[in-house]
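K.L.:
Here it is: the structure, laid out below.
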Amino acid sequence: MNHYGICNLSAVALRAEPSSKSELISMLLFGETFQILDAKDGWLRIRTTYDEYEAWLEGKQYDSLYEAQFNAIQQAPLFVSNSIADEIGEQQYKTNILLGSTLPLYKDGYFEIGHRTYQTNSAQQAVFKSVSAITETALRYLNAPYLWGGRSPFGIDCSGLTQMVFKINGIKLRRDAWMQAEEGSTIDFFEAIEPGDLAFFDNENGKITHVGIVLPDNRIIHASGQVRIDKLDRSGIYSEAAGKYTHKLRIIKRVAGAAN
């Protein structure tokens, strides 16, 4: 068994257990790589390369990579798709890839997965340019439906949103909200927050369960039912539509500032 793989489909489910009935806990998008840790009943236990997340992947939903191929991809600059959806490939190999998908070993409009060559006009290098680029990327996901474990513009959760927005802008975040809360530097005063900061929210037990991206004018974009924009203040997220606070503010972190 090859010990490395790459996602060759638009988006595939990563599950908590080796069963299609098990909880969806994340997704692999096209071009993302992983290490294979174990196999059971047609399923693979994997560790994703991008965020070192461990989960189960159905064994029919990937291409194998040799170690040399895997290493070459990791060492190359990261390019991603900047289209919400882009059809690539030829004839029976056509695939629709999604915003933020990885384009491995991309060069001059082309990239390869396995023995197949793909062409795309929607590539951009994932590098940090500005905080405004982060907020502009976040707005591209506006009104995307909420999906627990999702990382796609057609279904995404709160930490999937923050992770993908920052991935497209060349800043790596871990997968879950509580993991992301351990990154960056803490903003001690609400008045000091800036667009692009990450705001984290906890539940009644003090566990961080939600995250969003600060926008100008004390607004926040976050995934709750759908990707939406609400008010943010010292207490938390205030939904004008619901007429109440929906999330209690715990901490604000600055991750993008480290890239300046």
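Within each chain, counting starts at residue 1; across the structure tokens, chains are named A, B, ... in the order shown, with ligands numbered 1 upward in that order.
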Which residues, written as a PyMOL selection string, have at least one atom at most 12 Å from Val131 in chain A, with only C-alpha atoms counted and residues fewer than 5 positions away on the same chain left out?
P.N.:
chain A and resi 136-138+165-166+169-171+194-198+213-216+254-260
K.L.:
Please identify all polymer residues within 7 Å of Arg174 in chain A, counting only C-alpha atoms, omitting same-chain residues fewer than 5 positions from it, and present them as number ranges by chain.
P.N.:
A: 51, 163, 179-180
K.L.:
Restricting the output to C-alpha atoms, write the selected residues as an mmCIF file, in the first residue's frame.
P.N.:
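Listing of out_32.cif after writing:
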```
data_model
loop_
_atom_site.group_PDB
_atom_site.id
_atom_site.type_symbol
_atom_site.label_atom_id
_atom_site.label_comp_id
_atom_site.auth_asym_id
_atom_site.auth_seq_id
_atom_site.Cartn_x
_atom_site.Cartn_y
_atom_site.Cartn_z
ATOM 1 C CA ASP A 51 -3.536 20.791 8.938
ATOM 2 C CA GLN A 163 -9.247 28.112 7.598
ATOM 3 C CA MET A 179 -7.183 24.774 17.771
ATOM 4 C CA GLN A 180 -7.205 28.077 15.903
#
```
K.L.:
Ranking A:Thr246, A:Lys253, A:Ser83, A:Asp63 by minimum distance to Glu183 in chain A and counting only C-alpha atoms, which one comes first?
P.N.:
A:Lys253
K.L.:
Hey, which bits of range 91-187 of chain A sit within 7 Å of range 64-80 of chain A, and for each residue what's the closest pair of atoms and how far apart in Å (one decimal), counting only C-alpha atoms, rows by chain and increasing number, as JSON lines?
P.N.:
```
{"residue": "A:Gly100", "atom": "CA", "partner": "A:Val80", "partner_atom": "CA", "distance": 5.3}
{"residue": "A:Ser101", "atom": "CA", "partner": "A:Val80", "partner_atom": "CA", "distance": 5.3}
{"residue": "A:Thr102", "atom": "CA", "partner": "A:Val80", "partner_atom": "CA", "distance": 4.6}
{"residue": "A:Leu103", "atom": "CA", "partner": "A:Phe79", "partner_atom": "CA", "distance": 5.4}
{"residue": "A:Pro104", "atom": "CA", "partner": "A:Ile73", "partner_atom": "CA", "distance": 5.9}
{"residue": "A:Leu105", "atom": "CA", "partner": "A:Ile73", "partner_atom": "CA", "distance": 6.0}
{"residue": "A:Tyr106", "atom": "CA", "partner": "A:Phe79", "partner_atom": "CA", "distance": 6.5}
{"residue": "A:Ala123", "atom": "CA", "partner": "A:Val80", "partner_atom": "CA", "distance": 5.6}
{"residue": "A:Gln124", "atom": "CA", "partner": "A:Phe79", "partner_atom": "CA", "distance": 5.5}
{"residue": "A:Gln125", "atom": "CA", "partner": "A:Phe79", "partner_atom": "CA", "distance": 4.2}
{"residue": "A:Ala126", "atom": "CA", "partner": "A:Phe79", "partner_atom": "CA", "distance": 5.5}
{"residue": "A:Ile168", "atom": "CA", "partner": "A:Val80", "partner_atom": "CA", "distance": 6.6}
```
K.L.:
Identify which of the residues A:Leu24, A:Ala55, A:Ile88, A:Ala39 lies closest to Ser10 in chain A, counting only C-alpha atoms when measuring atom-to-atom distances.
P.N.:
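The shortest atom-to-atom distance to Ser10 in chain A comes from A:Ile88.
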K.L.:
What parts of range 5-252 of chain A does DSSP call alpha helix (DSSP H)? I'd like the answer as a ChimeraX atom specification.
P.N.:
/A:67-75,131-139,158-168,177-180
K.L.:
For Leu142 in chain A, please output as a compact mmCIF listing (two decimals) with N, CA and C atoms, in the first residue's frame all residues within 12 Å (counting only C-alpha atoms; exclusion window: fewer than 6 positions along the same chain).
P.N.:
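Everything below was put into selection-v2.txt:
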```txt
# COMPACT_ATOMS: atom_id res chain seq x y z
N ILE A 84 -15.14 30.21 -7.60
CA ILE A 84 -16.09 29.47 -6.78
C ILE A 84 -16.18 28.04 -7.26
N THR A 135 -10.36 39.94 4.16
CA THR A 135 -11.79 40.23 4.31
C THR A 135 -12.51 40.13 2.97
N GLU A 136 -11.85 40.49 1.88
CA GLU A 136 -12.47 40.35 0.56
C GLU A 136 -12.71 38.88 0.22
N SER A 152 -16.26 24.00 1.91
CA SER A 152 -16.58 24.34 0.54
C SER A 152 -17.53 25.53 0.48
N PRO A 153 -17.50 26.33 -0.60
CA PRO A 153 -18.48 27.41 -0.74
C PRO A 153 -19.91 26.90 -0.88
N PHE A 154 -20.08 25.59 -1.00
CA PHE A 154 -21.41 24.99 -1.08
C PHE A 154 -21.79 24.25 0.20
N GLY A 155 -20.98 24.45 1.25
CA GLY A 155 -21.24 23.86 2.55
C GLY A 155 -20.01 24.00 3.43
N ILE A 156 -20.12 24.78 4.50
CA ILE A 156 -18.93 25.12 5.28
C ILE A 156 -19.30 25.36 6.74
N LEU A 161 -14.56 27.94 7.38
CA LEU A 161 -14.55 29.25 6.74
C LEU A 161 -13.26 29.99 7.03
N VAL A 165 -10.37 30.77 4.15
CA VAL A 165 -10.08 32.16 3.82
C VAL A 165 -8.59 32.45 4.03
N ILE A 220 -18.83 41.22 11.91
CA ILE A 220 -18.12 39.94 11.85
C ILE A 220 -18.79 39.06 10.80
N ILE A 221 -17.97 38.33 10.05
CA ILE A 221 -18.48 37.34 9.11
C ILE A 221 -18.19 35.96 9.70
N HIS A 222 -19.23 35.13 9.75
CA HIS A 222 -19.09 33.82 10.39
C HIS A 222 -20.14 32.88 9.82
N ALA A 223 -19.94 31.58 10.03
CA ALA A 223 -20.86 30.57 9.53
C ALA A 223 -21.76 30.11 10.67
N SER A 224 -23.03 30.47 10.57
CA SER A 224 -24.03 30.07 11.57
C SER A 224 -25.37 29.99 10.84
N GLY A 225 -25.75 28.78 10.43
CA GLY A 225 -26.91 28.62 9.57
C GLY A 225 -26.52 28.85 8.11
N GLN A 226 -25.79 29.92 7.91
CA GLN A 226 -25.17 30.25 6.63
C GLN A 226 -24.04 31.21 6.94
N VAL A 227 -23.19 31.47 5.97
CA VAL A 227 -22.17 32.49 6.19
C VAL A 227 -22.86 33.84 6.15
N ARG A 228 -22.73 34.57 7.24
CA ARG A 228 -23.52 35.78 7.45
C ARG A 228 -22.66 36.87 8.07
N ILE A 229 -23.17 38.09 8.03
CA ILE A 229 -22.51 39.22 8.68
C ILE A 229 -23.41 39.73 9.79
N ASP A 230 -22.86 39.83 10.99
CA ASP A 230 -23.60 40.33 12.14
C ASP A 230 -22.77 41.38 12.87
```
K.L.:
So which one's closest to Ala13 in chain A, A:Ala85, A:Leu147, A:Leu232, A:Ile134? Using only C-alpha atoms, please.
P.N.:
A:Leu147
K.L.:
If you run DSSP on the backbone here, which positions in range 34-256 of chain A get strand (DSSP E)? Please write them as a PyMOL selection string.
P.N.:
chain A and resi 34-40+43-48+54-58+63-65+79-81+85-88+95-98+110-113+116-119+123-125+151-152+155-156+185-186+198-202+208-215+219-224+226-232+236-239+244-254
K.L.:
If you measure from CA of Leu9 in chain A to CA of Phe30 in chain A, what distance in Å do you get, rounded to one decimal?
P.N.:
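Interatomic distance, CA of Leu9 in chain A to CA of Phe30 in chain A: 5.3 Å.
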K.L.:
Of the candidates A:Val127, A:Ala199, A:Ile36, A:Leu14, which one gets nearest to Leu57 in chain A if we count only C-alpha atoms?
P.N.:
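For Leu57 in chain A, the nearest of the given residues is A:Leu14.
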K.L.:
Of the residues A:Lys248, A:Lys231, A:Arg175, A:His115, which is the one nearest to Asn205 in chain A, using only C-alpha atoms?
P.N.:
A:Lys248
K.L.:
Would you mind reading off the distance between CA of Ala11 in chain A and CA of Met27 in chain A, one decimal, in Å?
P.N.:
6.3 Å
K.L.:
From the set A:Lys60, A:Lys21, A:His247, A:Arg116, which residue has the shortest atom-to-atom contact distance to Phe200 in chain A, counting only C-alpha atoms?
P.N.:
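Of A:Lys60, A:Lys21, A:His247, A:Arg116, the one nearest Phe200 in chain A is A:His247, counting only C-alpha atoms.
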K.L.:
Using Å and a single decimal, report how far CA of Tyr146 in chain A sits from CA of Glu17 in chain A.
P.N.:
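Rounded to one decimal, the two atoms are 21.9 Å apart.
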